[in-house]
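Trainee: Sharing protein.cif (mmCIF, C-alpha atoms) below.
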```cif
data_protein
loop_
_atom_site.label_atom_id
_atom_site.label_comp_id
_atom_site.auth_asym_id
_atom_site.auth_seq_id
_atom_site.Cartn_x
_atom_site.Cartn_y
_atom_site.Cartn_z
CA MET B 1 114.71 188.12 -25.30
CA TYR B 2 114.26 186.67 -28.75
CA GLY B 3 117.48 188.38 -29.91
CA THR B 4 119.42 186.67 -27.16
CA LEU B 5 117.82 183.35 -28.04
CA TRP B 6 118.71 183.80 -31.72
CA ARG B 7 122.36 184.51 -30.84
CA MET B 8 122.46 181.45 -28.57
CA LEU B 9 121.39 179.08 -31.34
CA PRO B 10 124.42 177.46 -32.99
CA GLY B 11 125.29 177.21 -36.67
CA PRO B 12 124.59 179.31 -39.77
CA TRP B 13 121.21 181.00 -40.23
CA PRO B 14 119.39 178.12 -42.00
CA VAL B 15 120.25 175.89 -39.04
CA LYS B 16 119.07 178.59 -36.63
CA VAL B 17 115.74 178.83 -38.48
CA LEU B 18 115.29 175.07 -38.31
CA LEU B 19 116.14 174.98 -34.59
CA SER B 20 113.72 177.86 -33.94
CA LEU B 21 110.91 175.94 -35.66
CA VAL B 22 111.66 172.88 -33.55
CA LEU B 23 111.50 175.04 -30.40
CA VAL B 24 108.14 176.49 -31.48
CA VAL B 25 106.72 173.00 -32.05
CA VAL B 26 107.97 171.88 -28.63
CA VAL B 27 106.35 174.89 -26.92
CA VAL B 28 103.02 174.35 -28.73
CA ALA B 29 103.08 170.65 -27.85
CA ILE B 30 103.72 171.39 -24.16
CA CYS B 31 100.80 173.85 -24.18
CA PHE B 32 98.35 171.53 -25.98
CA LEU B 33 99.22 168.37 -24.10
CA TRP B 34 99.83 169.57 -20.54
CA LEU B 35 99.42 173.27 -19.83
CA PHE B 36 96.01 173.94 -21.43
CA PRO B 37 94.29 170.74 -20.23
CA ALA B 38 95.51 171.59 -16.73
CA ILE B 39 94.13 175.14 -16.65
CA ALA B 40 90.90 174.54 -18.66
CA PRO B 41 88.79 173.45 -15.63
CA TYR B 42 89.40 176.85 -14.04
CA MET B 43 88.17 178.88 -17.02
CA PRO B 44 84.99 180.90 -16.38
CA PHE B 45 83.21 179.57 -19.49
CA ASN B 46 83.34 175.85 -18.74
CA GLY B 47 80.04 174.75 -17.14
CA ASN B 48 77.18 172.43 -18.12
CA SER B 49 75.86 170.91 -14.97
CA VAL B 50 73.55 172.26 -12.32
CA GLN B 51 74.67 172.16 -8.71
CA SER B 52 73.81 173.71 -5.43
CA GLY B 53 76.24 176.06 -3.74
CA LEU B 54 78.85 176.55 -6.42
CA PRO B 55 77.23 177.93 -9.57
CA PHE B 56 80.47 179.31 -10.85
CA PRO B 57 83.43 177.59 -12.49
CA GLY B 58 86.54 176.64 -10.71
CA SER B 59 84.41 174.24 -8.73
CA PRO B 60 85.26 170.59 -9.33
CA THR B 61 81.90 169.68 -10.90
CA SER B 62 81.83 172.28 -13.62
CA ALA B 63 82.61 171.74 -17.19
CA ILE B 64 80.88 174.39 -21.71
CA MET P 1 119.33 204.89 -21.76
CA ARG P 2 120.48 201.59 -23.25
CA ARG P 3 119.14 199.82 -20.19
CA LEU P 4 115.77 201.48 -20.61
CA GLN P 5 115.69 200.53 -24.29
CA TRP P 6 116.45 196.93 -23.42
CA GLY P 7 113.76 196.91 -20.75
CA VAL P 8 111.09 198.32 -23.05
CA ARG P 9 111.96 195.86 -25.80
CA THR P 10 111.88 192.87 -23.45
CA LEU P 11 108.55 194.02 -22.01
CA GLY P 12 107.15 194.26 -25.53
CA GLU P 13 108.38 190.80 -26.39
CA VAL P 14 106.87 189.32 -23.24
CA LEU P 15 103.50 190.94 -24.01
CA ILE P 16 103.56 189.67 -27.61
CA THR P 17 104.37 186.19 -26.32
CA LEU P 18 101.48 186.29 -23.86
CA GLY P 19 99.16 187.41 -26.66
CA LEU P 20 100.28 184.51 -28.84
CA LEU P 21 99.77 182.09 -25.93
CA LEU P 22 96.21 183.38 -25.42
CA PHE P 23 95.50 182.91 -29.12
CA LEU P 24 96.95 179.42 -28.90
CA PHE P 25 94.72 178.64 -25.92
CA GLY P 26 91.69 179.77 -27.93
CA ALA P 27 92.66 177.50 -30.79
CA TRP P 28 93.17 174.60 -28.40
CA GLN P 29 89.86 175.10 -26.60
CA LEU P 30 87.69 175.74 -29.66
CA TRP P 31 89.28 173.36 -32.13
CA TRP P 32 91.69 170.83 -30.67
CA THR P 33 89.42 169.67 -27.81
CA ASP P 34 86.78 168.75 -30.42
CA VAL P 35 89.33 166.80 -32.46
CA THR P 36 90.57 164.72 -29.53
CA ALA P 37 87.17 164.32 -27.80
CA ASN P 38 85.42 163.21 -31.00
CA ARG P 39 88.10 160.61 -31.54
CA GLU P 40 87.96 159.36 -27.93
CA GLN P 41 84.15 159.25 -27.88
CA ALA P 42 83.99 157.34 -31.17
CA ILE P 43 86.34 154.74 -29.67
CA THR P 44 84.11 154.49 -26.56
CA ILE P 45 80.98 154.06 -28.73
CA HIS P 46 82.70 151.31 -30.68
CA ALA P 47 83.70 149.51 -27.46
CA LEU P 48 80.18 149.85 -26.01
CA GLU P 49 78.56 148.51 -29.17
CA LYS P 50 80.91 145.58 -29.11
CA GLY P 51 80.21 144.97 -25.42
CA PHE P 52 76.44 145.23 -25.84
CA GLY P 53 76.45 142.81 -28.77
CA SER P 54 73.98 142.74 -31.62
CA PRO P 55 70.33 141.80 -30.94
CA GLY P 56 70.83 138.40 -32.57
CA ILE P 57 73.78 137.51 -30.36
CA ARG P 58 72.03 138.79 -27.24
CA GLU P 59 69.39 136.08 -27.26
CA ARG P 60 72.02 133.46 -26.67
CA THR P 61 73.74 135.23 -23.75
CA ALA P 62 72.82 134.88 -20.12
CA VAL P 63 71.96 138.54 -19.48
CA ALA P 64 68.32 138.97 -18.54
CA PRO P 65 66.66 141.08 -21.21
CA LEU P 66 65.30 143.62 -18.76
CA ALA P 67 68.24 143.64 -16.35
CA THR P 68 68.44 147.15 -14.95
CA LEU P 69 71.51 149.10 -14.09
CA THR P 70 72.02 149.72 -10.42
CA LYS P 71 75.59 150.86 -9.91
CA VAL P 72 78.25 152.08 -12.32
CA PRO P 73 81.80 153.07 -11.26
CA PHE P 74 82.54 156.80 -11.53
CA GLY P 75 83.77 157.78 -14.98
CA GLU P 76 82.72 154.54 -16.67
CA ALA P 77 80.65 154.50 -19.88
CA PHE P 78 77.42 152.48 -19.54
CA ALA P 79 75.07 153.65 -22.32
CA ILE P 80 74.87 155.15 -25.79
CA MET P 81 72.63 158.15 -26.46
CA ARG P 82 71.19 158.48 -29.97
CA ILE P 83 69.29 161.60 -31.02
CA PRO P 84 67.84 161.43 -34.57
CA ARG P 85 67.26 165.21 -34.55
CA PHE P 86 71.05 165.64 -34.39
CA GLY P 87 71.57 163.27 -37.35
CA ALA P 88 71.00 159.60 -38.18
CA ASP P 89 74.44 158.57 -36.94
CA PHE P 90 74.57 160.78 -33.84
CA ALA P 91 75.78 158.52 -31.04
CA ARG P 92 77.51 159.61 -27.84
CA PRO P 93 78.64 157.63 -24.79
CA VAL P 94 76.98 158.24 -21.42
CA LEU P 95 79.37 158.02 -18.48
CA GLN P 96 78.87 158.09 -14.73
CA GLY P 97 79.62 161.52 -13.20
CA THR P 98 79.46 165.16 -14.31
CA ASP P 99 82.92 166.48 -13.42
CA HIS P 100 85.19 168.18 -15.95
CA ASP P 101 87.09 165.04 -16.94
CA THR P 102 83.96 162.92 -17.38
CA LEU P 103 82.24 165.50 -19.60
CA THR P 104 85.38 165.57 -21.73
CA ASN P 105 84.75 161.92 -22.54
CA GLY P 106 81.04 162.17 -23.35
CA ILE P 107 77.67 162.84 -21.75
CA GLY P 108 77.74 162.69 -17.94
CA HIS P 109 75.11 161.08 -15.71
CA TYR P 110 74.38 162.95 -12.46
CA PRO P 111 75.26 160.45 -9.70
CA GLY P 112 72.31 159.95 -7.38
CA THR P 113 69.71 160.27 -10.12
CA VAL P 114 68.11 157.08 -11.47
CA PHE P 115 69.40 155.05 -14.41
CA PRO P 116 67.74 155.07 -17.87
CA GLY P 117 64.14 153.87 -17.99
CA GLN P 118 63.63 153.82 -14.22
CA VAL P 119 60.89 155.78 -12.45
CA GLY P 120 62.37 159.11 -11.36
CA ASN P 121 64.72 161.36 -13.28
CA PHE P 122 67.64 160.10 -15.38
CA ALA P 123 69.63 163.36 -15.46
CA VAL P 124 72.60 164.01 -17.74
CA ALA P 125 74.91 166.92 -18.62
CA GLY P 126 76.85 167.53 -21.84
CA HIS P 127 79.03 170.13 -23.49
CA ARG P 128 77.30 172.73 -25.68
CA THR P 129 80.64 173.81 -27.18
CA THR P 130 84.14 172.27 -27.17
CA TYR P 131 85.18 168.73 -26.13
CA GLY P 132 83.13 167.11 -28.91
CA LYS P 133 80.07 169.26 -28.00
CA PRO P 134 77.46 166.44 -27.81
CA PHE P 135 74.67 168.90 -26.87
CA SER P 136 75.72 171.57 -29.40
CA ASN P 137 72.22 171.63 -30.95
CA ILE P 138 70.19 171.07 -27.79
CA ASP P 139 68.20 174.20 -28.65
CA LEU P 140 66.95 172.53 -31.86
CA LEU P 141 65.12 169.77 -29.95
CA GLN P 142 61.36 170.05 -30.32
CA THR P 143 58.51 168.58 -28.33
CA GLY P 144 58.04 164.96 -29.35
CA ASP P 145 61.60 164.44 -30.62
CA VAL P 146 62.87 160.94 -29.88
CA ILE P 147 65.95 160.30 -27.77
CA VAL P 148 67.13 156.69 -27.52
CA VAL P 149 69.32 155.56 -24.63
CA GLU P 150 70.85 152.21 -25.38
CA THR P 151 72.10 150.01 -22.53
CA LYS P 152 73.34 146.44 -22.40
CA ALA P 153 69.81 145.27 -21.55
CA SER P 154 67.47 147.53 -23.49
CA TYR P 155 66.65 150.44 -25.73
CA ILE P 156 65.01 153.15 -23.66
CA VAL P 157 63.02 155.59 -25.78
CA TYR P 158 62.25 159.07 -24.47
CA ALA P 159 60.30 161.88 -26.14
CA VAL P 160 61.10 165.55 -25.56
CA ASN P 161 58.51 167.23 -23.36
CA ARG P 162 59.71 170.82 -22.88
CA HIS P 163 62.73 173.01 -22.20
CA VAL P 164 63.69 175.72 -19.73
CA ILE P 165 66.63 178.08 -19.31
CA VAL P 166 67.81 178.36 -15.72
CA THR P 167 70.72 179.56 -13.65
CA PRO P 168 73.37 176.95 -12.72
CA ASP P 169 72.17 176.73 -9.11
CA GLN P 170 68.61 175.65 -9.97
CA VAL P 171 69.12 172.01 -9.10
CA GLU P 172 65.35 171.36 -9.03
CA VAL P 173 65.61 170.60 -12.77
CA ILE P 174 67.20 167.28 -11.87
CA ALA P 175 64.70 166.47 -9.08
CA PRO P 176 62.94 163.05 -9.41
CA VAL P 177 59.96 164.98 -10.76
CA PRO P 178 61.72 167.78 -12.71
CA GLN P 179 61.09 171.24 -11.19
CA HIS P 180 59.01 169.73 -8.36
CA PRO P 181 61.55 168.81 -5.67
CA GLY P 182 60.19 166.64 -2.90
CA VAL P 183 57.37 165.20 -5.00
CA ARG P 184 57.28 161.39 -5.25
CA PRO P 185 57.89 160.35 -8.88
CA GLU P 186 55.43 158.12 -10.70
CA GLN P 187 56.88 158.46 -14.17
CA ALA P 188 60.28 158.02 -15.79
CA TRP P 189 61.83 161.33 -16.82
CA MET P 190 65.08 162.37 -18.42
CA THR P 191 66.74 165.76 -17.91
CA MET P 192 69.52 167.04 -20.19
CA THR P 193 71.57 170.08 -19.16
CA ALA P 194 74.07 172.10 -21.24
CA CYS P 195 75.57 175.54 -20.94
CA HIS P 196 73.74 178.58 -22.23
CA PRO P 197 74.30 180.82 -24.05
CA ARG P 198 76.94 179.12 -26.16
CA PHE P 199 80.51 179.79 -24.94
CA SER P 200 79.19 181.00 -21.61
CA ALA P 201 78.51 179.35 -18.29
CA SER P 202 76.07 181.92 -16.94
CA GLN P 203 72.92 179.85 -17.58
CA ARG P 204 71.87 176.28 -18.38
CA TYR P 205 69.72 175.11 -21.28
CA VAL P 206 67.63 172.27 -19.89
CA VAL P 207 65.49 169.78 -21.82
CA PHE P 208 62.98 167.44 -20.15
CA ALA P 209 61.93 164.21 -21.85
CA LYS P 210 59.44 161.53 -20.82
CA LEU P 211 59.74 157.77 -21.20
CA VAL P 212 57.89 156.38 -24.21
CA LYS P 213 58.86 152.75 -23.80
CA SER P 214 61.66 150.37 -22.86
CA ILE P 215 62.39 147.74 -25.45
CA PRO P 216 64.41 144.64 -24.54
CA ARG P 217 67.57 144.50 -26.61
CA ALA P 218 66.64 141.09 -28.01
CA SER P 219 63.55 142.57 -29.67
CA GLY P 220 65.59 145.16 -31.54
CA LEU P 221 64.81 148.85 -31.94
CA PRO P 222 62.00 149.64 -34.42
CA ALA P 223 63.46 151.73 -37.25
CA SER P 224 60.67 154.28 -36.91
CA PHE P 225 62.23 155.58 -33.67
CA MET P 226 65.50 156.37 -35.47
CA ALA P 227 63.86 158.26 -38.34
CA VAL P 228 65.42 161.71 -38.70
CA PRO P 229 62.69 164.33 -38.18
CA ALA P 230 61.79 166.56 -41.11
CA GLY P 231 63.37 169.99 -41.14
CA THR P 232 66.60 168.84 -39.53
CA VAL P 233 69.56 170.97 -40.43
CA GLY P 234 72.95 169.31 -40.74
#
```
As a first step, turn the structure in this file into structure tokens.
Mentor:
Amino acid sequence: MYGTLWRMLPGPWPVKVLLSLVLVVVVVAICFLWLFPAIAPYMPFNGNSVQSGLPFPGSPTSAI
Amino acid sequence: MRRLQWGVRTLGEVLITLGLLLFLFGAWQLWWTDVTANREQAITIHALEKGFGSPGIRERTAVAPLATLTKVPFGEAFAIMRIPRFGADFARPVLQGTDHDTLTNGIGHYPGTVFPGQVGNFAVAGHRTTYGKPFSNIDLLQTGDVIVVETKASYIVYAVNRHVIVTPDQVEVIAPVPQHPGVRPEQAWMTMTACHPRFSASQRYVVFAKLVKSIPRASGLPASFMAVPAGTVG
């Protein structure tokens, strides 16, 4: 997987290293800005409020 | 054989990637959410303070000094909570609603419970960990500790009465008379809920506070209420 990716990157190895770093930053940014905020409400450790019926997370009114 | 080798290697790489993603999620949840939420909440506090005006300016505006809140749109900030036990400059916005997004932006007011200073129960929820963790030290609150809720009209001073640890379905803690559902309230209470234990959602740490007095904004808040109690850590 990573070997294939490495071979697909153009240029000599310093360029490949630089491009790899850029890709890593892009992936981390996507995770921090969109992916993680989207899945956080469904995590089983996010909950501060009391409510009848749905004591467990995943419910819309839960938040730690 | 080559195929098998390739398969095993790819599987290994996928698993390593998933592990790294999990680690990244941990870093985001435990560190990054605090960074962004603290920044957002400080901006909200600044805007609220500007909107409320200073006591001197207030006297010249048309707002009645004891005007009470009746309705606030969902998700909107309407008050500032100050807790001297958590530090002299501890100030967090209070917003309408207790859903995930609202609690990310500050302390959330349970819709349907009364507003600050009114007879009944002004109930709020806040994060114990992550997202700026406004109620991180809720377990340090002691009986008699002052909590000031600042609105456009007044400073509402509460004093901590007691705490309980309950399961998340025990909604009687936010009843008009806390823990006595169905009883007609005669006093003004405040209930604060946060998760318990830390980093878990299995229980709720709940603090009850009782109204001490409401002070019109024009009169200013006596400094004695903001004095940091002795023995405060951090």
Trainee: Find the residues around Val207 of chain P up to 10 Å (only C-alpha atoms counted), leave out those fewer than 5 positions away in its own chain, and share them as a ChimeraX atom specification.
Mentor: /P:123,138-139,141-143,160-165,173,190-194
Trainee: Considering all atoms listed in the file, return as an MDAnalysis selection string whatever protein or nucleic-acid residues lie within 12 Å of segment 19-24 of chain B, sequence-local ones (same chain, fewer than 2 positions apart) excluded.
Mentor: (chainID B and resid 2:3 5:17 26:31) or (chainID P and resid 17 20:21 24)
Trainee: Rank nothing, just name the residue among P:His196, P:Arg2, P:His180, P:Lys50 nearest to chain B, using all atoms listed in the file.
Mentor: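 Nearest candidate to chain B out of P:His196, P:Arg2, P:His180, P:Lys50: P:His196.
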Trainee: Could you list, with a cut-off of 6 Å and counting only C-alpha atoms, the residues of chain P near chain B, each shown with its nearest atom pair and the distance in Å rounded to one decimal, rows sorted by chain and ascending number, as CSV?
Mentor:
```
residue,atom,partner,partner_atom,distance
P:Thr10,CA,B:Met1,CA,5.8
P:Asp99,CA,B:Thr61,CA,4.2
P:His100,CA,B:Ala63,CA,4.6
P:Ala125,CA,B:Ser49,CA,5.5
P:His127,CA,B:Ile64,CA,5.0
P:Arg128,CA,B:Ile64,CA,5.6
P:Thr129,CA,B:Ile64,CA,5.5
P:Pro168,CA,B:Val50,CA,4.7
P:Asp169,CA,B:Ser52,CA,5.0
P:Val171,CA,B:Val50,CA,5.5
P:Ala194,CA,B:Asn48,CA,4.4
P:Cys195,CA,B:Asn48,CA,4.5
P:Ser200,CA,B:Phe45,CA,4.8
P:Ala201,CA,B:Phe45,CA,4.9
```
Trainee: Would you mind reading off the distance between atom CA of Tyr131 of chain P and atom CA of Gly26 of chain P, one decimal, in Å?
Mentor: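 Computed distance, atom CA of Tyr131 of chain P to atom CA of Gly26 of chain P, equals 12.9 Å.
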Trainee: N, CA and C atoms for segment 3-23 of chain B, written as a compact mmCIF listing (two decimals), in the frame of the given file, could you do that?
Mentor:
```txt
# COMPACT_ATOMS: atom_id res chain seq x y z
N GLY B 3 116.16 188.10 -29.34
CA GLY B 3 117.48 188.38 -29.91
C GLY B 3 118.54 187.53 -29.25
N THR B 4 118.47 187.47 -27.93
CA THR B 4 119.42 186.67 -27.16
C THR B 4 119.32 185.20 -27.55
N LEU B 5 118.07 184.74 -27.68
CA LEU B 5 117.82 183.35 -28.04
C LEU B 5 118.43 183.04 -29.41
N TRP B 6 118.19 183.96 -30.35
CA TRP B 6 118.71 183.80 -31.72
C TRP B 6 120.22 183.68 -31.72
N ARG B 7 120.89 184.53 -30.90
CA ARG B 7 122.36 184.51 -30.84
C ARG B 7 122.86 183.24 -30.17
N MET B 8 122.04 182.67 -29.28
CA MET B 8 122.46 181.45 -28.57
C MET B 8 122.39 180.21 -29.46
N LEU B 9 121.52 180.25 -30.47
CA LEU B 9 121.39 179.08 -31.34
C LEU B 9 122.65 178.92 -32.17
N PRO B 10 123.16 177.70 -32.28
CA PRO B 10 124.42 177.46 -32.99
C PRO B 10 124.21 177.37 -34.51
N GLY B 11 125.31 177.47 -35.24
CA GLY B 11 125.29 177.21 -36.67
C GLY B 11 124.93 178.42 -37.52
N PRO B 12 124.97 178.25 -38.84
CA PRO B 12 124.59 179.31 -39.77
C PRO B 12 123.09 179.55 -39.73
N TRP B 13 122.61 180.62 -40.42
CA TRP B 13 121.21 181.00 -40.23
C TRP B 13 120.17 179.95 -40.63
N PRO B 14 120.43 179.12 -41.70
CA PRO B 14 119.39 178.12 -42.00
C PRO B 14 119.21 177.13 -40.84
N VAL B 15 120.33 176.80 -40.19
CA VAL B 15 120.25 175.89 -39.04
C VAL B 15 119.49 176.55 -37.90
N LYS B 16 119.76 177.85 -37.69
CA LYS B 16 119.07 178.59 -36.63
C LYS B 16 117.57 178.61 -36.87
N VAL B 17 117.17 178.82 -38.14
CA VAL B 17 115.74 178.83 -38.48
C VAL B 17 115.11 177.49 -38.15
N LEU B 18 115.79 176.43 -38.56
CA LEU B 18 115.29 175.07 -38.31
C LEU B 18 115.15 174.81 -36.81
N LEU B 19 116.18 175.18 -36.04
CA LEU B 19 116.14 174.98 -34.59
C LEU B 19 115.01 175.79 -33.96
N SER B 20 114.80 177.03 -34.48
CA SER B 20 113.72 177.86 -33.94
C SER B 20 112.37 177.18 -34.15
N LEU B 21 112.17 176.62 -35.37
CA LEU B 21 110.91 175.94 -35.66
C LEU B 21 110.68 174.76 -34.72
N VAL B 22 111.77 174.02 -34.48
CA VAL B 22 111.66 172.88 -33.55
C VAL B 22 111.24 173.37 -32.17
N LEU B 23 111.85 174.48 -31.71
CA LEU B 23 111.50 175.04 -30.40
C LEU B 23 110.04 175.44 -30.34
```
